[in-house]
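Student: Sharing a structure here in structure tokens format.
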Amino acid sequence: MTLQIGDRIPSATLMTPTADGPRPITTDEIFAGKTVALFAVPGAFTPTCSARHLPGFVDHKDALKAKGVDTIACLSVNDPFVMGAWADSQKVDAGTVLMLADGNGDFTRAADLVMDASRGGMGHRSKRYSMLVKDGVVARLNIEEPGVFEVSSAEHLIAQL
């Protein structure tokens with residue numbers, strides 16, 4: 001069943017790029033005791049993700065922080081090297097957006113937020129969404145229909161806070 005408001009975030013170990021190379025990071029480390037704005041993209045370097053989704057959260061980081069968000073995190077079913085290269089190309093540092101690689105899609109499957117992008121040669125990826133998570137519990141969840149970018153934007157999430 002798809003993750004819903006009021007559900008606890010599934011336990012998983014993700015990877016995050018660092019200056020010293022990829023580092024494992026658990027969902028407990030990310031979400032426990034914090035308010036997190038998590039957004040997921042179908043793929044790093046893809047057009048909408050690069051032109052609008054990630055930049056929107058970077059541009060609105062101060063507004064999110066002012067509304068009580070401790071961490072902004074971006075998740076994709078990509079490897080940590082791709083996520084690191086994408087962050088570099090977008091000039092995003094870990095202090096602005098925590099980049100999370102769900103390389104095997106374990107978190108995405110556990111949350112039942114998988115998108116089949118096989119027709120486009122991308123395999124199974126994450127659906128595009130945004131959520132607000134408070135101490136590991138989903139408080140807001142905005143899942144996009146395929147090919148749409150509206151409710152998962154930073155602006156939409158800020159309006160819900």
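By convention in this document, the chains of the structure tokens carry letters A, B, ... by their order, each chain's residues are numbered from 1, and ligands are numbered from 1 in the order they are shown.
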Residues at most 12 Å from Ala94 (chain A), counting only C-alpha atoms, excluding those fewer than 2 positions away in the same chain, as a ChimeraX atom specification?

Tutor: /A:16-19,58,71-74,83-84,87-88,90-92,96-100

Student: Would you write out those residues with N, CA and C atoms, as an mmCIF file, in the first residue's frame?

Tutor:
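The resulting file, out.cif, is reproduced below:
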data_model
loop_
_atom_site.group_PDB
_atom_site.id
_atom_site.type_symbol
_atom_site.label_atom_id
_atom_site.label_comp_id
_atom_site.auth_asym_id
_atom_site.auth_seq_id
_atom_site.Cartn_x
_atom_site.Cartn_y
_atom_site.Cartn_z
ATOM 1 N N THR A 16 24.430 8.859 0.452
ATOM 2 C CA THR A 16 24.531 10.286 0.171
ATOM 3 C C THR A 16 25.954 10.588 -0.281
ATOM 4 N N PRO A 17 26.103 11.411 -1.312
ATOM 5 C CA PRO A 17 27.449 11.770 -1.746
ATOM 6 C C PRO A 17 28.085 12.745 -0.759
ATOM 7 N N THR A 18 29.363 12.545 -0.491
ATOM 8 C CA THR A 18 30.118 13.464 0.355
ATOM 9 C C THR A 18 31.460 13.751 -0.315
ATOM 10 N N ALA A 19 32.205 14.685 0.220
ATOM 11 C CA ALA A 19 33.532 14.999 -0.313
ATOM 12 C C ALA A 19 34.465 13.798 -0.199
ATOM 13 N N VAL A 58 15.891 24.594 -3.901
ATOM 14 C CA VAL A 58 17.074 25.408 -3.587
ATOM 15 C C VAL A 58 16.655 26.870 -3.440
ATOM 16 N N THR A 71 15.564 20.008 7.499
ATOM 17 C CA THR A 71 16.342 19.414 6.411
ATOM 18 C C THR A 71 15.496 19.367 5.151
ATOM 19 N N ILE A 72 16.119 19.717 4.030
ATOM 20 C CA ILE A 72 15.528 19.525 2.713
ATOM 21 C C ILE A 72 16.303 18.392 2.072
ATOM 22 N N ALA A 73 15.599 17.371 1.591
ATOM 23 C CA ALA A 73 16.262 16.203 1.023
ATOM 24 C C ALA A 73 15.647 15.851 -0.325
ATOM 25 N N CYS A 74 16.520 15.461 -1.245
ATOM 26 C CA CYS A 74 16.114 15.047 -2.589
ATOM 27 C C CYS A 74 16.486 13.582 -2.774
ATOM 28 N N MET A 83 24.089 11.209 -8.161
ATOM 29 C CA MET A 83 23.494 12.253 -7.321
ATOM 30 C C MET A 83 24.525 13.328 -6.975
ATOM 31 N N GLY A 84 25.770 12.911 -6.729
ATOM 32 C CA GLY A 84 26.833 13.871 -6.442
ATOM 33 C C GLY A 84 27.147 14.739 -7.646
ATOM 34 N N ALA A 87 24.310 17.199 -8.126
ATOM 35 C CA ALA A 87 24.411 18.297 -7.146
ATOM 36 C C ALA A 87 25.496 19.284 -7.574
ATOM 37 N N ASP A 88 26.639 18.765 -8.005
ATOM 38 C CA ASP A 88 27.725 19.640 -8.470
ATOM 39 C C ASP A 88 27.279 20.480 -9.669
ATOM 40 N N GLN A 90 24.357 21.395 -10.468
ATOM 41 C CA GLN A 90 23.322 22.352 -10.059
ATOM 42 C C GLN A 90 23.821 23.324 -8.987
ATOM 43 N N LYS A 91 25.097 23.157 -8.600
ATOM 44 C CA LYS A 91 25.712 23.995 -7.563
ATOM 45 C C LYS A 91 24.937 23.926 -6.242
ATOM 46 N N VAL A 92 24.590 22.684 -5.850
ATOM 47 C CA VAL A 92 23.841 22.425 -4.628
ATOM 48 C C VAL A 92 24.774 21.768 -3.624
ATOM 49 N N THR A 96 22.415 22.760 1.807
ATOM 50 C CA THR A 96 21.183 23.268 1.206
ATOM 51 C C THR A 96 20.186 22.132 1.003
ATOM 52 N N VAL A 97 20.604 21.098 0.273
ATOM 53 C CA VAL A 97 19.759 19.937 -0.005
ATOM 54 C C VAL A 97 20.584 18.679 0.217
ATOM 55 N N LEU A 98 20.074 17.792 1.044
ATOM 56 C CA LEU A 98 20.694 16.495 1.275
ATOM 57 C C LEU A 98 20.303 15.587 0.112
ATOM 58 N N MET A 99 21.284 15.191 -0.688
ATOM 59 C CA MET A 99 21.028 14.346 -1.853
ATOM 60 C C MET A 99 21.040 12.887 -1.402
ATOM 61 N N LEU A 100 19.976 12.167 -1.735
ATOM 62 C CA LEU A 100 19.821 10.784 -1.300
ATOM 63 C C LEU A 100 19.689 9.853 -2.501
#

Student: Can you pull out every residue within 9 Å of Ser130 (chain A), counting only C-alpha atoms, but drop anything in the same chain fewer than 2 positions away, and send it as a PyMOL selection string?

Tutor: chain A and resi 37-40+128+132+140-144+151-154+157

Student: If I take CA of Ala51 (chain A) and CA of Pro10 (chain A), how far is one from the other in Å, to one decimal?

Tutor: 29.2 Å

Student: If you run DSSP over the backbone, which residues in chain A end up strand (DSSP E)? Put them as a ChimeraX atom specification.

Tutor: /A:13-16,23-26,35-41,71-76,98-101,114-116,124-126,129-134,137-143

Student: Which residues are close to region 112-127 of chain A, i.e. within 12 Å by only C-alpha atoms, leaving aside same-chain residues fewer than 4 positions away? Reply as a PyMOL selection string.

Tutor: chain A and resi 1-4+9-10+39-44+46+49+74-79+101-108+141-149+152

Student: Taking a cut-off of 9 Å and counting only C-alpha atoms, can you build a table that, for each residue of region 120-151 of chain A near region 27-31 of chain A, reports the nearest atom pair and how far apart they are in Å (one decimal), sorted by chain then residue number, as a Markdown table?

Tutor:
| residue | atom | partner | partner_atom | distance |
| --- | --- | --- | --- | --- |
| A:Val133 | CA | A:Phe31 | CA | 7.1 |
| A:Lys134 | CA | A:Phe31 | CA | 7.2 |
| A:Asp135 | CA | A:Phe31 | CA | 5.6 |
| A:Gly136 | CA | A:Phe31 | CA | 4.9 |
| A:Val137 | CA | A:Phe31 | CA | 8.4 |

Student: I'd like the interatomic distance between CA of Pro55 (chain A) and CA of His156 (chain A), to a tenth of an Å.

Tutor: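 It comes out at 14.0 Å.
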
Student: What gap, in Å, lies between CA of Ile5 (chain A) and CA of Met131 (chain A)?

Tutor: 9.0 Å
